[in-house]
file protein_20.txt (compact mmCIF, N, CA and C atoms and all ligand atoms)
# COMPACT_ATOMS: atom_id res chain seq x y z
N MET A 1 109.73 -53.67 59.04
CA MET A 1 108.86 -53.34 57.93
C MET A 1 109.40 -53.91 56.61
N LEU A 2 110.68 -53.61 56.32
CA LEU A 2 111.28 -54.19 55.13
C LEU A 2 111.69 -55.63 55.42
N GLY A 3 111.35 -56.52 54.50
CA GLY A 3 111.83 -57.88 54.62
C GLY A 3 113.20 -57.95 53.99
N ARG A 4 113.45 -58.97 53.24
CA ARG A 4 114.77 -59.08 52.62
C ARG A 4 114.79 -58.39 51.25
N ILE A 5 115.95 -58.40 50.62
CA ILE A 5 116.04 -57.87 49.27
C ILE A 5 115.39 -58.87 48.32
N ASP A 6 114.45 -58.38 47.51
CA ASP A 6 113.78 -59.23 46.51
C ASP A 6 114.64 -59.33 45.27
N HIS A 7 115.07 -58.18 44.76
CA HIS A 7 116.00 -58.19 43.64
C HIS A 7 116.76 -56.87 43.56
N VAL A 8 117.88 -56.93 42.88
CA VAL A 8 118.66 -55.74 42.56
C VAL A 8 118.59 -55.61 41.04
N ALA A 9 118.31 -54.40 40.56
CA ALA A 9 118.13 -54.21 39.12
C ALA A 9 119.23 -53.36 38.52
N LEU A 10 119.71 -53.80 37.38
CA LEU A 10 120.71 -53.05 36.63
C LEU A 10 120.07 -52.52 35.35
N ALA A 11 120.37 -51.27 35.03
CA ALA A 11 119.95 -50.71 33.75
C ALA A 11 121.01 -51.07 32.73
N VAL A 12 120.59 -51.71 31.65
CA VAL A 12 121.55 -52.13 30.61
C VAL A 12 121.03 -51.66 29.26
N SER A 13 121.94 -51.39 28.34
CA SER A 13 121.48 -50.89 27.04
C SER A 13 121.12 -52.04 26.10
N ASP A 14 121.75 -53.20 26.27
CA ASP A 14 121.47 -54.33 25.39
C ASP A 14 121.23 -55.58 26.23
N LEU A 15 119.98 -56.01 26.27
CA LEU A 15 119.61 -57.13 27.15
C LEU A 15 120.30 -58.43 26.74
N GLU A 16 120.41 -58.67 25.43
CA GLU A 16 121.06 -59.90 24.96
C GLU A 16 122.52 -59.97 25.42
N ASN A 17 123.24 -58.86 25.23
CA ASN A 17 124.64 -58.81 25.65
C ASN A 17 124.78 -59.05 27.14
N SER A 18 123.90 -58.40 27.88
CA SER A 18 123.98 -58.49 29.32
C SER A 18 123.65 -59.91 29.81
N LEU A 19 122.62 -60.53 29.19
CA LEU A 19 122.27 -61.91 29.54
C LEU A 19 123.43 -62.85 29.23
N ALA A 20 124.08 -62.60 28.09
CA ALA A 20 125.22 -63.44 27.72
C ALA A 20 126.34 -63.29 28.75
N LEU A 21 126.57 -62.06 29.19
CA LEU A 21 127.60 -61.81 30.19
C LEU A 21 127.33 -62.60 31.47
N PHE A 22 126.10 -62.45 31.99
CA PHE A 22 125.82 -63.10 33.27
C PHE A 22 125.70 -64.62 33.11
N HIS A 23 125.34 -65.08 31.94
CA HIS A 23 125.23 -66.51 31.70
C HIS A 23 126.61 -67.13 31.50
N GLU A 24 127.37 -66.55 30.59
CA GLU A 24 128.64 -67.18 30.20
C GLU A 24 129.77 -66.89 31.17
N ILE A 25 129.82 -65.68 31.68
CA ILE A 25 130.93 -65.33 32.58
C ILE A 25 130.60 -65.71 34.01
N TRP A 26 129.37 -65.42 34.45
CA TRP A 26 129.03 -65.60 35.86
C TRP A 26 128.23 -66.87 36.12
N GLY A 27 127.83 -67.57 35.05
CA GLY A 27 127.19 -68.88 35.23
C GLY A 27 125.76 -68.83 35.72
N LEU A 28 125.11 -67.68 35.63
CA LEU A 28 123.70 -67.62 36.04
C LEU A 28 122.82 -68.17 34.93
N GLU A 29 121.79 -68.92 35.33
CA GLU A 29 120.88 -69.48 34.35
C GLU A 29 119.91 -68.42 33.88
N ARG A 30 119.54 -68.54 32.61
CA ARG A 30 118.52 -67.63 32.10
C ARG A 30 117.21 -67.91 32.80
N ALA A 31 116.49 -66.85 33.11
CA ALA A 31 115.22 -67.05 33.80
C ALA A 31 114.13 -66.32 33.03
N THR A 32 113.17 -65.81 33.75
CA THR A 32 112.02 -65.20 33.09
C THR A 32 112.40 -63.93 32.36
N ARG A 33 111.72 -63.69 31.29
CA ARG A 33 111.96 -62.51 30.48
C ARG A 33 110.62 -61.94 30.07
N GLU A 34 110.51 -60.63 30.12
CA GLU A 34 109.19 -60.02 29.95
C GLU A 34 109.33 -58.62 29.38
N ARG A 35 108.43 -58.28 28.45
CA ARG A 35 108.37 -56.93 27.92
C ARG A 35 107.24 -56.21 28.65
N VAL A 36 107.57 -55.09 29.28
CA VAL A 36 106.56 -54.32 30.01
C VAL A 36 106.27 -53.05 29.21
N GLU A 37 105.21 -53.12 28.40
CA GLU A 37 104.92 -52.04 27.45
C GLU A 37 104.71 -50.70 28.14
N GLU A 38 103.94 -50.71 29.24
CA GLU A 38 103.60 -49.44 29.89
C GLU A 38 104.83 -48.71 30.40
N GLN A 39 105.91 -49.45 30.67
CA GLN A 39 107.14 -48.80 31.14
C GLN A 39 108.19 -48.70 30.04
N GLY A 40 107.87 -49.25 28.86
CA GLY A 40 108.80 -49.18 27.74
C GLY A 40 110.10 -49.91 27.99
N VAL A 41 110.02 -51.02 28.73
CA VAL A 41 111.24 -51.76 29.04
C VAL A 41 111.09 -53.25 28.76
N GLU A 42 112.24 -53.88 28.62
CA GLU A 42 112.30 -55.33 28.54
C GLU A 42 113.13 -55.78 29.74
N GLU A 43 112.59 -56.76 30.47
CA GLU A 43 113.23 -57.16 31.72
C GLU A 43 113.59 -58.64 31.70
N ALA A 44 114.65 -58.97 32.39
CA ALA A 44 114.98 -60.38 32.63
C ALA A 44 115.28 -60.54 34.11
N MET A 45 114.79 -61.64 34.68
CA MET A 45 115.06 -61.95 36.08
C MET A 45 115.93 -63.19 36.14
N LEU A 46 117.08 -63.06 36.80
CA LEU A 46 117.99 -64.18 36.95
C LEU A 46 118.00 -64.59 38.42
N ALA A 47 117.68 -65.85 38.67
CA ALA A 47 117.66 -66.32 40.06
C ALA A 47 119.07 -66.29 40.62
N LEU A 48 119.19 -65.80 41.85
CA LEU A 48 120.50 -65.66 42.47
C LEU A 48 120.32 -65.95 43.95
N GLY A 49 120.53 -67.21 44.33
CA GLY A 49 120.28 -67.59 45.72
C GLY A 49 118.82 -67.36 46.05
N ASP A 50 118.55 -66.71 47.18
CA ASP A 50 117.15 -66.49 47.54
C ASP A 50 116.66 -65.11 47.13
N CYS A 51 117.43 -64.43 46.27
CA CYS A 51 116.88 -63.23 45.64
C CYS A 51 117.23 -63.28 44.15
N SER A 52 117.03 -62.20 43.45
CA SER A 52 117.24 -62.23 42.00
C SER A 52 118.00 -61.00 41.54
N LEU A 53 118.58 -61.16 40.37
CA LEU A 53 119.20 -60.04 39.67
C LEU A 53 118.28 -59.71 38.50
N GLN A 54 117.89 -58.45 38.41
CA GLN A 54 117.00 -58.03 37.32
C GLN A 54 117.79 -57.17 36.35
N LEU A 55 117.64 -57.46 35.08
CA LEU A 55 118.26 -56.64 34.04
C LEU A 55 117.14 -55.91 33.33
N VAL A 56 117.28 -54.61 33.20
CA VAL A 56 116.23 -53.80 32.58
C VAL A 56 116.83 -53.03 31.41
N ALA A 57 116.24 -53.22 30.24
CA ALA A 57 116.73 -52.56 29.03
C ALA A 57 115.59 -51.81 28.36
N PRO A 58 115.90 -50.73 27.65
CA PRO A 58 114.83 -50.01 26.95
C PRO A 58 114.25 -50.87 25.84
N ALA A 59 112.93 -50.84 25.69
CA ALA A 59 112.26 -51.65 24.67
C ALA A 59 112.17 -50.91 23.35
N SER A 60 112.36 -49.58 23.38
CA SER A 60 112.29 -48.81 22.14
C SER A 60 113.12 -47.54 22.29
N GLU A 61 113.32 -46.87 21.16
CA GLU A 61 114.15 -45.66 21.14
C GLU A 61 113.57 -44.55 22.01
N ASP A 62 112.23 -44.51 22.12
CA ASP A 62 111.62 -43.41 22.87
C ASP A 62 111.31 -43.79 24.31
N SER A 63 111.87 -44.92 24.76
CA SER A 63 111.68 -45.35 26.14
C SER A 63 112.32 -44.34 27.10
N ARG A 64 111.67 -44.14 28.25
CA ARG A 64 112.23 -43.25 29.28
C ARG A 64 113.58 -43.77 29.76
N LEU A 65 113.69 -45.11 29.77
CA LEU A 65 114.95 -45.71 30.21
C LEU A 65 116.09 -45.38 29.24
N MET A 66 115.76 -45.17 27.97
CA MET A 66 116.77 -44.79 26.98
C MET A 66 117.38 -43.44 27.38
N ARG A 67 116.53 -42.51 27.77
CA ARG A 67 117.03 -41.19 28.19
C ARG A 67 117.84 -41.31 29.48
N TYR A 68 117.38 -42.19 30.37
CA TYR A 68 118.12 -42.45 31.62
C TYR A 68 119.54 -42.94 31.30
N LEU A 69 119.63 -43.89 30.36
CA LEU A 69 120.94 -44.46 30.00
C LEU A 69 121.84 -43.42 29.34
N GLU A 70 121.24 -42.54 28.54
CA GLU A 70 122.03 -41.48 27.89
C GLU A 70 122.60 -40.53 28.94
N ARG A 71 121.77 -40.26 29.95
CA ARG A 71 122.17 -39.32 31.00
C ARG A 71 123.16 -39.94 31.98
N ARG A 72 122.88 -41.13 32.43
CA ARG A 72 123.63 -41.70 33.55
C ARG A 72 124.45 -42.93 33.21
N GLY A 73 124.20 -43.50 32.04
CA GLY A 73 124.94 -44.69 31.66
C GLY A 73 124.39 -45.94 32.35
N GLU A 74 124.99 -47.07 32.04
CA GLU A 74 124.55 -48.33 32.62
C GLU A 74 124.95 -48.39 34.10
N GLY A 75 124.29 -49.25 34.83
CA GLY A 75 124.67 -49.43 36.23
C GLY A 75 123.47 -49.76 37.09
N LEU A 76 123.66 -49.60 38.41
CA LEU A 76 122.58 -49.91 39.36
C LEU A 76 121.37 -49.04 39.07
N HIS A 77 120.20 -49.65 38.92
CA HIS A 77 118.99 -48.89 38.63
C HIS A 77 118.07 -48.78 39.84
N HIS A 78 117.78 -49.90 40.47
CA HIS A 78 116.99 -49.84 41.71
C HIS A 78 117.23 -51.08 42.57
N ILE A 79 116.85 -50.95 43.84
CA ILE A 79 116.87 -52.08 44.77
C ILE A 79 115.43 -52.34 45.18
N ALA A 80 115.02 -53.59 45.11
CA ALA A 80 113.64 -53.95 45.47
C ALA A 80 113.65 -54.69 46.80
N PHE A 81 112.84 -54.18 47.73
CA PHE A 81 112.71 -54.80 49.05
C PHE A 81 111.36 -55.50 49.15
N ARG A 82 111.36 -56.64 49.78
CA ARG A 82 110.14 -57.40 50.03
C ARG A 82 109.40 -56.79 51.23
N VAL A 83 108.10 -56.59 51.07
CA VAL A 83 107.27 -56.18 52.21
C VAL A 83 106.06 -57.10 52.29
N ASP A 84 105.50 -57.25 53.50
CA ASP A 84 104.32 -58.11 53.67
C ASP A 84 103.04 -57.37 53.34
N ASP A 85 103.04 -56.07 53.63
CA ASP A 85 101.82 -55.27 53.50
C ASP A 85 102.17 -53.99 52.76
N ILE A 86 102.08 -54.02 51.44
CA ILE A 86 102.55 -52.89 50.64
C ILE A 86 101.67 -51.66 50.85
N ALA A 87 100.36 -51.87 50.99
CA ALA A 87 99.46 -50.73 51.20
C ALA A 87 99.79 -50.06 52.53
N GLY A 88 100.01 -50.86 53.56
CA GLY A 88 100.36 -50.34 54.88
C GLY A 88 101.70 -49.62 54.85
N THR A 89 102.64 -50.17 54.11
CA THR A 89 103.97 -49.55 54.00
C THR A 89 103.87 -48.20 53.31
N LEU A 90 103.07 -48.13 52.22
CA LEU A 90 102.91 -46.86 51.50
C LEU A 90 102.25 -45.82 52.39
N LYS A 91 101.29 -46.25 53.18
CA LYS A 91 100.62 -45.32 54.10
C LYS A 91 101.62 -44.78 55.12
N HIS A 92 102.41 -45.68 55.67
CA HIS A 92 103.46 -45.30 56.63
C HIS A 92 104.40 -44.27 56.01
N LEU A 93 104.83 -44.51 54.76
CA LEU A 93 105.77 -43.61 54.10
C LEU A 93 105.12 -42.25 53.84
N LYS A 94 103.85 -42.27 53.41
CA LYS A 94 103.12 -41.02 53.17
C LYS A 94 103.02 -40.22 54.46
N ASP A 95 102.69 -40.92 55.54
CA ASP A 95 102.58 -40.24 56.85
C ASP A 95 103.90 -39.60 57.24
N LYS A 96 105.02 -40.21 56.82
CA LYS A 96 106.34 -39.68 57.15
C LYS A 96 106.78 -38.61 56.15
N GLY A 97 105.93 -38.33 55.15
CA GLY A 97 106.27 -37.30 54.17
C GLY A 97 107.26 -37.74 53.12
N VAL A 98 107.40 -39.04 52.94
CA VAL A 98 108.33 -39.56 51.94
C VAL A 98 107.74 -39.40 50.53
N GLU A 99 108.57 -38.94 49.61
CA GLU A 99 108.11 -38.72 48.24
C GLU A 99 108.01 -40.06 47.49
N LEU A 100 106.81 -40.35 47.00
CA LEU A 100 106.58 -41.63 46.32
C LEU A 100 106.42 -41.41 44.82
N ILE A 101 106.77 -42.41 44.04
CA ILE A 101 106.46 -42.38 42.61
C ILE A 101 105.07 -42.99 42.41
N ASP A 102 104.80 -44.08 43.11
CA ASP A 102 103.48 -44.72 43.07
C ASP A 102 102.76 -44.51 44.39
N ASP A 103 101.63 -43.80 44.33
CA ASP A 103 100.84 -43.57 45.54
C ASP A 103 100.12 -44.82 46.00
N SER A 104 99.82 -45.69 45.03
CA SER A 104 99.15 -46.93 45.39
C SER A 104 99.81 -48.08 44.63
N PRO A 105 99.67 -49.30 45.15
CA PRO A 105 100.35 -50.45 44.54
C PRO A 105 99.81 -50.74 43.14
N ARG A 106 100.68 -51.23 42.27
CA ARG A 106 100.24 -51.68 40.96
C ARG A 106 100.79 -53.07 40.71
N SER A 107 100.27 -53.72 39.66
CA SER A 107 100.67 -55.09 39.38
C SER A 107 102.11 -55.14 38.89
N GLY A 108 102.88 -56.05 39.48
CA GLY A 108 104.27 -56.23 39.06
C GLY A 108 104.47 -57.54 38.33
N GLY A 109 103.38 -58.19 37.97
CA GLY A 109 103.48 -59.48 37.28
C GLY A 109 103.63 -60.62 38.28
N GLY A 110 103.22 -61.80 37.86
CA GLY A 110 103.32 -62.98 38.71
C GLY A 110 102.49 -62.87 39.98
N GLY A 111 101.45 -62.03 39.94
CA GLY A 111 100.60 -61.87 41.11
C GLY A 111 101.16 -60.96 42.17
N SER A 112 102.31 -60.34 41.89
CA SER A 112 102.91 -59.46 42.89
C SER A 112 102.39 -58.03 42.75
N LEU A 113 102.50 -57.29 43.82
CA LEU A 113 102.17 -55.87 43.81
C LEU A 113 103.46 -55.10 44.05
N ILE A 114 103.62 -54.00 43.31
CA ILE A 114 104.84 -53.22 43.45
C ILE A 114 104.51 -51.73 43.57
N ALA A 115 105.47 -50.98 44.10
CA ALA A 115 105.37 -49.51 44.12
C ALA A 115 106.79 -48.97 44.22
N PHE A 116 107.02 -47.84 43.55
CA PHE A 116 108.35 -47.23 43.59
C PHE A 116 108.36 -46.01 44.50
N VAL A 117 109.47 -45.85 45.20
CA VAL A 117 109.70 -44.70 46.09
C VAL A 117 110.72 -43.81 45.39
N HIS A 118 110.48 -42.50 45.38
CA HIS A 118 111.37 -41.59 44.66
C HIS A 118 112.78 -41.58 45.26
N PRO A 119 113.81 -41.57 44.40
CA PRO A 119 115.19 -41.57 44.93
C PRO A 119 115.55 -40.31 45.73
N ARG A 120 114.81 -39.21 45.42
CA ARG A 120 115.05 -38.01 46.23
C ARG A 120 114.69 -38.33 47.67
N GLY A 121 115.59 -38.09 48.58
CA GLY A 121 115.31 -38.38 49.98
C GLY A 121 115.65 -39.81 50.36
N GLN A 122 116.10 -40.63 49.39
CA GLN A 122 116.51 -42.01 49.69
C GLN A 122 117.97 -42.21 49.30
N ASN A 123 118.78 -41.23 49.60
CA ASN A 123 120.21 -41.29 49.28
C ASN A 123 120.44 -41.51 47.78
N GLY A 124 119.50 -41.01 46.98
CA GLY A 124 119.69 -41.11 45.53
C GLY A 124 119.40 -42.48 44.96
N VAL A 125 118.85 -43.39 45.79
CA VAL A 125 118.59 -44.75 45.31
C VAL A 125 117.09 -44.95 45.05
N LEU A 126 116.77 -45.39 43.84
CA LEU A 126 115.39 -45.72 43.52
C LEU A 126 115.03 -47.03 44.24
N ILE A 127 113.97 -46.99 45.02
CA ILE A 127 113.57 -48.17 45.80
C ILE A 127 112.23 -48.70 45.28
N GLU A 128 112.17 -50.01 45.09
CA GLU A 128 110.93 -50.67 44.71
C GLU A 128 110.48 -51.52 45.89
N LEU A 129 109.20 -51.44 46.20
CA LEU A 129 108.62 -52.30 47.22
C LEU A 129 107.88 -53.42 46.51
N VAL A 130 108.03 -54.64 46.97
CA VAL A 130 107.39 -55.80 46.34
C VAL A 130 106.65 -56.62 47.37
N GLN A 131 105.36 -56.83 47.11
CA GLN A 131 104.60 -57.77 47.93
C GLN A 131 104.29 -58.98 47.06
N ARG A 132 104.86 -60.10 47.44
CA ARG A 132 104.62 -61.35 46.68
C ARG A 132 103.33 -61.98 47.15
N PRO A 133 102.67 -62.75 46.26
CA PRO A 133 101.45 -63.44 46.69
C PRO A 133 101.76 -64.39 47.84
N GLN A 134 100.82 -64.51 48.78
CA GLN A 134 101.03 -65.35 49.97
C GLN A 134 101.11 -66.82 49.58
CO CO B 1 112.43 -54.27 39.82
call {"tool": "encode", "arguments": {"input": "protein_20.txt", "output": "structure tokens"}}
result
Amino acid sequence: MLGRIDHVALAVSDLENSLALFHEIWGLERATRERVEEQGVEEAMLALGDCSLQLVAPASEDSRLMRYLERRGEGLHHIAFRVDDIAGTLKHLKDKGVELIDDSPRSGGGGSLIAFVHPRGQNGVLIELVQRPQ
């Protein structure tokens, strides 16, 4: 059901600093960068082999991610797995009684569909499902 890892996301407080770190120290090229207003975050995707590293920073002081960072600090935020059939996967999870954040897929940009699974019951790890356009 799960394909490969699509991306691993880190919560960071300062996107510029973090991009500089991964660019200058680790040699990753800058890639796409996007402000997602509905989630109050600014994201950057850095290509890393056949998957990506995502950096997620709060876009404003009242961002939910800001409170997350105050509570838990910087670090691993979520792991995104590639799926072929996100609607089918969500149905399967619902049938198994898995607690979801998104009951139905929503747009993840670039034509992809995404949905988040609640970390409760997933060993404390926030999981994102990603269906890329065929
Ligand atoms: Co993500």
call {"tool": "closest_atom_pairs", "arguments": {"input": "protein_20.txt", "of": "chain A", "to": "ligand CO 1 (chain B)", "cutoff": "10 Å", "atoms": "only C-alpha atoms and all ligand atoms", "output": "CSV"}}
result
residue,atom,partner,partner_atom,distance
A:Asp6,CA,B:CO1,CO,8.4
A:His7,CA,B:CO1,CO,6.5
A:Val8,CA,B:CO1,CO,7.0
A:Ala9,CA,B:CO1,CO,5.7
A:Leu10,CA,B:CO1,CO,9.0
A:Glu43,CA,B:CO1,CO,8.6
A:Ala44,CA,B:CO1,CO,9.8
A:Met45,CA,B:CO1,CO,8.9
A:Ser52,CA,B:CO1,CO,9.6
A:Leu53,CA,B:CO1,CO,8.9
A:Gln54,CA,B:CO1,CO,6.4
A:Leu55,CA,B:CO1,CO,8.5
A:Val56,CA,B:CO1,CO,8.2
A:His77,CA,B:CO1,CO,8.6
A:His78,CA,B:CO1,CO,6.6
A:Ile79,CA,B:CO1,CO,7.0
A:Ala80,CA,B:CO1,CO,5.8
A:Phe81,CA,B:CO1,CO,9.2
A:Gly108,CA,B:CO1,CO,8.4
A:Ile114,CA,B:CO1,CO,8.5
A:Ala115,CA,B:CO1,CO,9.5
A:Phe116,CA,B:CO1,CO,9.0
A:Leu126,CA,B:CO1,CO,9.8
A:Ile127,CA,B:CO1,CO,8.6
A:Glu128,CA,B:CO1,CO,6.3
A:Leu129,CA,B:CO1,CO,8.6
A:Val130,CA,B:CO1,CO,8.4
call {"tool": "residues_around", "arguments": {"input": "protein_20.txt", "residues": "A:His118", "least_positions_apart": "3", "cutoff": "6.5 Å", "atoms": "only N, CA and C atoms", "output": "list in words"}}
result
Glu99, Leu100, Ile101, Asp102, Gly121, Gln122, Val125, Leu126 and Ile127 of chain A
call {"tool": "select_by_dssp", "arguments": {"input": "protein_20.txt", "residues": "chain A", "states": "helix (DSSP H, G or I)", "output": "NGL selection string"}}
result
:A and (15-25 or 37-39 or 64-72 or 86-95)
call {"tool": "atom_distance", "arguments": {"input": "protein_20.txt", "atom1": "atom C of A:Lys94", "atom2": "atom N of A:Pro119"}}
result
14.8 Å
call {"tool": "closest_residue", "arguments": {"input": "protein_20.txt", "among": "A:Arg64, A:Gln131, A:Ala47, A:Ala59", "to": "A:Ala87", "atoms": "all atoms listed in the file"}}
result
A:Gln131
call {"tool": "atom_distance", "arguments": {"input": "protein_20.txt", "atom1": "atom N of A:Glu29", "atom2": "atom N of A:Asp50"}}
result
12.5 Å
call {"tool": "atom_distance", "arguments": {"input": "protein_20.txt", "atom1": "atom CA of A:Gly73", "atom2": "atom CA of A:Thr32"}}
result
24.3 Å
call {"tool": "closest_residue", "arguments": {"input": "protein_20.txt", "among": "A:Gly109, A:His92, A:Pro58, A:Asp85", "to": "A:Asp14", "atoms": "all atoms listed in the file"}}
result
A:Pro58
call {"tool": "closest_residue", "arguments": {"input": "protein_20.txt", "among": "A:Leu69, A:Leu113, A:Leu46, A:Leu21", "to": "A:Glu34", "atoms": "only C-alpha atoms"}}
result
A:Leu46
call {"tool": "select_by_dssp", "arguments": {"input": "protein_20.txt", "residues": "stretch 26-113 of chain A", "states": "strand (DSSP E)", "output": "MDAnalysis selection string"}}
result
chainID A and resid 33:36 41:48 51:58 75:82 106:109 112:113
